file start_4.txt (compact mmCIF, C-alpha atoms)
# COMPACT_ATOMS: atom_id res chain seq x y z
CA MET A 1 0.00 0.00 0.00
CA LYS A 2 1.36 3.40 -0.86
CA LYS A 3 2.32 6.01 1.73
CA PHE A 4 -0.39 8.30 3.17
CA VAL A 5 -0.68 11.59 1.32
CA PHE A 6 -3.14 14.27 2.39
CA SER A 7 -4.63 15.54 -0.84
CA LEU A 8 -5.15 19.06 0.55
CA GLU A 9 -1.67 19.37 2.07
CA LYS A 10 -0.71 22.25 -0.24
CA VAL A 11 -3.91 24.12 0.64
CA LEU A 12 -3.24 23.59 4.36
CA ASN A 13 0.35 24.81 3.99
CA LEU A 14 -0.78 27.85 2.03
CA LYS A 15 -3.37 28.76 4.66
CA GLN A 16 -0.78 28.35 7.43
CA GLN A 17 1.60 30.64 5.54
CA LEU A 18 -1.21 33.17 5.10
CA LEU A 19 -1.90 32.99 8.83
CA ASP A 20 1.78 33.66 9.54
CA VAL A 21 1.61 36.73 7.30
CA GLN A 22 -1.57 37.87 9.08
CA VAL A 23 0.11 37.45 12.47
CA ASN A 24 3.06 39.57 11.33
CA GLU A 25 0.72 42.24 9.96
CA MET A 26 -1.20 42.22 13.25
CA MET A 27 2.02 42.73 15.20
CA LEU A 28 2.87 45.71 12.98
CA LEU A 29 -0.59 47.20 13.47
CA GLN A 30 -0.37 46.75 17.24
CA GLU A 31 3.07 48.39 17.26
CA ARG A 32 1.69 51.31 15.22
CA LEU A 33 -1.23 51.63 17.66
CA LYS A 34 1.19 51.66 20.58
CA GLN A 35 3.22 54.44 18.93
CA ILE A 36 0.10 56.53 18.32
CA VAL A 37 -1.07 56.10 21.92
CA THR A 38 2.38 57.18 23.12
CA GLU A 39 2.25 60.20 20.84
CA ILE A 40 -1.19 61.16 22.19
CA GLN A 41 0.06 60.84 25.75
CA GLN A 42 3.07 63.04 24.98
CA LEU A 43 0.85 65.66 23.35
CA ASN A 44 -1.49 65.64 26.36
CA GLU A 45 1.44 65.98 28.75
CA THR A 46 2.83 68.88 26.72
CA PHE A 47 -0.59 70.54 26.67
CA HIS A 48 -0.97 70.23 30.45
CA LYS A 49 2.60 71.42 31.07
CA TYR A 50 2.13 74.60 29.04
CA ASN A 51 -1.39 75.11 30.36
CA ASN A 52 -0.02 75.05 33.91
CA GLU A 53 2.75 77.39 32.82
CA LEU A 54 0.19 79.78 31.31
CA ASN A 55 -1.94 79.68 34.48
CA GLU A 56 1.13 80.47 36.60
CA GLN A 57 2.12 83.35 34.36
CA MET A 58 -1.45 84.70 34.41
CA ARG A 59 -1.27 84.85 38.21
CA THR A 60 1.95 86.84 38.07
CA GLY A 61 0.90 88.97 35.11
CA ILE A 62 1.25 88.30 31.39
CA GLY A 63 0.59 90.39 28.33
CA PRO A 64 -2.15 89.64 25.80
CA HIS A 65 0.43 88.88 23.09
CA GLU A 66 1.96 86.08 25.19
CA VAL A 67 -1.51 84.69 25.96
CA MET A 68 -2.23 84.66 22.22
CA VAL A 69 1.01 82.72 21.57
CA TYR A 70 -0.01 80.13 24.16
CA LYS A 71 -3.50 79.85 22.69
CA MET A 72 -2.09 79.30 19.19
CA TYR A 73 0.25 76.64 20.56
CA PHE A 74 -2.67 74.96 22.37
CA HIS A 75 -4.68 74.99 19.16
CA ASP A 76 -1.76 73.36 17.32
CA ILE A 77 -1.44 70.65 19.99
CA THR A 78 -5.20 70.03 19.88
CA GLN A 79 -5.10 69.66 16.08
CA LYS A 80 -2.21 67.18 16.33
CA THR A 81 -4.04 65.25 19.05
CA ASN A 82 -7.20 65.07 16.94
CA GLY A 83 -5.14 63.80 13.99
CA CYS A 84 -3.61 61.15 16.22
CA LEU A 85 -7.04 60.13 17.50
CA ARG A 86 -8.28 59.70 13.91
CA ARG A 87 -5.20 57.60 13.06
CA LYS A 88 -5.77 55.57 16.23
CA GLU A 89 -9.38 54.84 15.24
CA GLU A 90 -8.26 53.79 11.76
CA VAL A 91 -5.60 51.44 13.13
CA GLU A 92 -8.07 49.99 15.64
CA ARG A 93 -10.50 49.36 12.76
CA LYS A 94 -7.73 47.62 10.79
CA ILE A 95 -6.86 45.52 13.85
CA PHE A 96 -10.50 44.48 14.19
CA LEU A 97 -10.66 43.47 10.51
CA LYS A 98 -7.33 41.65 10.78
CA LYS A 99 -8.65 39.68 13.78
CA GLU A 100 -11.69 38.67 11.74
CA GLU A 101 -9.44 37.48 8.89
CA MET A 102 -7.25 35.55 11.31
CA ILE A 103 -10.25 33.86 12.93
CA ALA A 104 -11.52 32.78 9.50
CA LEU A 105 -8.10 31.42 8.55
CA LYS A 106 -7.72 29.57 11.86
CA THR A 107 -11.16 28.04 11.35
CA ASP A 108 -10.19 26.89 7.84
CA ILE A 109 -6.89 25.48 9.10
CA SER A 110 -8.47 23.57 11.97
CA GLY A 111 -11.09 22.15 9.58
CA LEU A 112 -8.38 20.97 7.21
CA GLU A 113 -6.37 19.50 10.10
CA ARG A 114 -9.43 17.58 11.32
CA LEU A 115 -10.02 16.30 7.79
CA GLU A 116 -6.38 15.23 7.53
CA GLU A 117 -6.61 13.45 10.87
CA LYS A 118 -9.78 11.65 9.79
CA GLN A 119 -8.22 10.59 6.48
CA ARG A 120 -5.07 9.43 8.26
CA GLU A 121 -7.15 7.31 10.67
CA GLU A 122 -9.00 5.76 7.71
CA TYR A 123 -5.69 5.09 5.97
CA ASN A 124 -4.22 3.50 9.11
CA ALA A 125 -7.32 1.30 9.52
CA LEU A 126 -7.02 0.14 5.90
CA LEU A 127 -3.29 -0.42 6.34
CA HIS A 128 -3.88 -2.47 9.48
CA LYS A 129 -6.56 -4.52 7.69
CA GLN A 130 -4.26 -5.13 4.73
CA GLN A 131 -1.43 -6.21 7.03
CA GLU A 132 -3.78 -8.66 8.76
CA LEU A 133 -4.79 -10.10 5.38
CA GLU A 134 -1.14 -10.44 4.35
CA VAL A 135 -0.31 -12.24 7.60
CA GLU A 136 -3.31 -14.52 7.15
CA GLU A 137 -2.25 -15.27 3.56
CA TYR A 138 1.30 -16.01 4.66
CA VAL A 139 0.10 -18.32 7.40
CA ASN A 140 -2.20 -20.12 4.94
CA ARG A 141 0.68 -20.58 2.45
CA THR A 142 3.25 -21.77 4.95
CA CYS A 143 0.93 -23.95 7.03
CA PRO A 144 -1.32 -25.85 4.66
CA ALA A 145 -4.61 -27.06 6.08
CA SER A 146 -4.59 -30.70 7.14

call {"tool": "encode", "arguments": {"input": "start_4.txt", "output": "structure tokens"}}
result
Amino acid sequence: MKKFVFSLEKVLNLKQQLLDVQVNEMMLLQERLKQIVTEIQQLNETFHKYNNELNEQMRTGIGPHEVMVYKMYFHDITQKTNGCLRRKEEVERKIFLKKEEMIALKTDISGLERLEEKQREEYNALLHKQQELEVEEYVNRTCPAS
């Protein structure tokens, strides 16, 4: 009897390779999300630092021109933060979609692996049966019936 060959082995290998690619892409997306969150935190810290500085200077006395400079800087920080928040939402959406793709691939892979296991069990049962028949034939040839 010939050796067991899973007929969908190439499909299974391809899907496993695709899953590896998806995992790598997910790691890149998660790293990008982490960078954006860090950037947002830094912008918020900068905003609070200069806001506290402005409040302190307003207590001691500050001219309207300096207040205007602070307000323009705050507006700039707010715009950058909003841009980061939009990028964060986009990356989170991509992560969600990537998770869905990965779940579908894992489902396909596990289905193929179960099919392979079932076919291998059937093959082994047939192989065992064939070996029993060969032993029985050998015994019948070497020990003729009396």

call {"tool": "residues_around", "arguments": {"input": "start_4.txt", "residues": "region 16-26 of chain A", "least_positions_apart": "6", "cutoff": "10 Å", "atoms": "all atoms listed in the file", "output": "PyMOL selection string"}}
result
chain A and resi 10+32+94-99+101-106+108-109

call {"tool": "atom_distance", "arguments": {"input": "start_4.txt", "atom1": "CA of Lys3 (chain A)", "atom2": "CA of Thr142 (chain A)"}}
result
28.0 Å

call {"tool": "atom_distance", "arguments": {"input": "start_4.txt", "atom1": "CA of Glu39 (chain A)", "atom2": "CA of Met72 (chain A)"}}
result
19.7 Å

call {"tool": "closest_residue", "arguments": {"input": "start_4.txt", "among": "A:Asn51, A:Arg59, A:Gln30, A:Glu113", "to": "His75 (chain A)", "atoms": "only C-alpha atoms"}}
result
A:Asn51

call {"tool": "atom_distance", "arguments": {"input": "start_4.txt", "atom1": "CA of Lys88 (chain A)", "atom2": "CA of Asn52 (chain A)"}}
result
26.9 Å

call {"tool": "closest_residue", "arguments": {"input": "start_4.txt", "among": "A:Met68, A:Leu28, A:Val5, A:Leu12", "to": "Arg120 (chain A)", "atoms": "all atoms listed in the file"}}
result
A:Val5

call {"tool": "closest_residue", "arguments": {"input": "start_4.txt", "among": "A:Arg87, A:His128, A:Tyr50, A:Glu56", "to": "Val69 (chain A)", "atoms": "only C-alpha atoms"}}
result
A:Tyr50

call {"tool": "residues_around", "arguments": {"input": "start_4.txt", "residues": "Tyr73 (chain A)", "least_positions_apart": "3", "cutoff": "12 Å", "atoms": "all atoms listed in the file", "output": "PyMOL selection string"}}
result
chain A and resi 43+46-51+54+66-70+76-80

call {"tool": "closest_residue", "arguments": {"input": "start_4.txt", "among": "A:Glu89, A:Glu9, A:Lys2, A:Cys143", "to": "Glu117 (chain A)", "atoms": "only C-alpha atoms"}}
result
A:Glu9

call {"tool": "build_atoms", "arguments": {"input": "start_4.txt", "residues": "region 66-95 of chain A", "atoms": "N, CA and C atoms", "output": "compact mmCIF listing (two decimals), in the coordinates of the input"}}
result
# COMPACT_ATOMS: atom_id res chain seq x y z
N GLU A 66 1.47 87.37 24.73
CA GLU A 66 1.96 86.08 25.19
C GLU A 66 0.82 85.08 25.35
N VAL A 67 -0.34 85.57 25.82
CA VAL A 67 -1.51 84.69 25.96
C VAL A 67 -1.91 84.17 24.59
N MET A 68 -1.87 85.05 23.59
CA MET A 68 -2.23 84.66 22.22
C MET A 68 -1.27 83.59 21.70
N VAL A 69 0.02 83.72 22.00
CA VAL A 69 1.01 82.72 21.57
C VAL A 69 0.68 81.37 22.20
N TYR A 70 0.37 81.37 23.49
CA TYR A 70 -0.01 80.13 24.16
C TYR A 70 -1.25 79.51 23.53
N LYS A 71 -2.24 80.35 23.26
CA LYS A 71 -3.50 79.85 22.69
C LYS A 71 -3.27 79.24 21.31
N MET A 72 -2.40 79.85 20.52
CA MET A 72 -2.09 79.30 19.19
C MET A 72 -1.38 77.96 19.35
N TYR A 73 -0.47 77.89 20.31
CA TYR A 73 0.25 76.64 20.56
C TYR A 73 -0.73 75.55 21.03
N PHE A 74 -1.67 75.91 21.90
CA PHE A 74 -2.67 74.96 22.37
C PHE A 74 -3.54 74.47 21.21
N HIS A 75 -3.89 75.37 20.33
CA HIS A 75 -4.68 74.99 19.16
C HIS A 75 -3.91 73.99 18.30
N ASP A 76 -2.61 74.25 18.11
CA ASP A 76 -1.76 73.36 17.32
C ASP A 76 -1.70 71.97 17.97
N ILE A 77 -1.51 71.94 19.28
CA ILE A 77 -1.44 70.65 19.99
C ILE A 77 -2.78 69.92 19.87
N THR A 78 -3.87 70.65 19.99
CA THR A 78 -5.20 70.03 19.88
C THR A 78 -5.41 69.45 18.49
N GLN A 79 -4.97 70.17 17.46
CA GLN A 79 -5.10 69.66 16.08
C GLN A 79 -4.27 68.38 15.91
N LYS A 80 -3.06 68.38 16.43
CA LYS A 80 -2.21 67.18 16.33
C LYS A 80 -2.84 66.02 17.09
N THR A 81 -3.40 66.30 18.26
CA THR A 81 -4.04 65.25 19.05
C THR A 81 -5.24 64.67 18.31
N ASN A 82 -6.05 65.54 17.71
CA ASN A 82 -7.20 65.07 16.94
C ASN A 82 -6.77 64.21 15.75
N GLY A 83 -5.68 64.61 15.09
CA GLY A 83 -5.14 63.80 13.99
C GLY A 83 -4.70 62.43 14.49
N CYS A 84 -4.04 62.42 15.63
CA CYS A 84 -3.61 61.15 16.22
C CYS A 84 -4.81 60.27 16.59
N LEU A 85 -5.83 60.89 17.12
CA LEU A 85 -7.04 60.13 17.50
C LEU A 85 -7.70 59.51 16.27
N ARG A 86 -7.72 60.25 15.15
CA ARG A 86 -8.28 59.70 13.91
C ARG A 86 -7.42 58.53 13.42
N ARG A 87 -6.09 58.69 13.46
CA ARG A 87 -5.20 57.60 13.06
C ARG A 87 -5.39 56.39 13.98
N LYS A 88 -5.56 56.65 15.27
CA LYS A 88 -5.77 55.57 16.23
C LYS A 88 -7.03 54.79 15.90
N GLU A 89 -8.12 55.50 15.61
CA GLU A 89 -9.38 54.84 15.24
C GLU A 89 -9.21 53.99 13.98
N GLU A 90 -8.49 54.52 13.01
CA GLU A 90 -8.26 53.79 11.76
C GLU A 90 -7.46 52.51 12.02
N VAL A 91 -6.41 52.61 12.82
CA VAL A 91 -5.60 51.44 13.13
C VAL A 91 -6.41 50.43 13.93
N GLU A 92 -7.22 50.90 14.86
CA GLU A 92 -8.07 49.99 15.64
C GLU A 92 -9.07 49.27 14.73
N ARG A 93 -9.58 49.98 13.73
CA ARG A 93 -10.50 49.36 12.76
C ARG A 93 -9.76 48.29 11.96
N LYS A 94 -8.53 48.60 11.54
CA LYS A 94 -7.73 47.62 10.79
C LYS A 94 -7.41 46.41 11.66
N ILE A 95 -7.13 46.63 12.93
CA ILE A 95 -6.86 45.52 13.85
C ILE A 95 -8.10 44.63 13.97
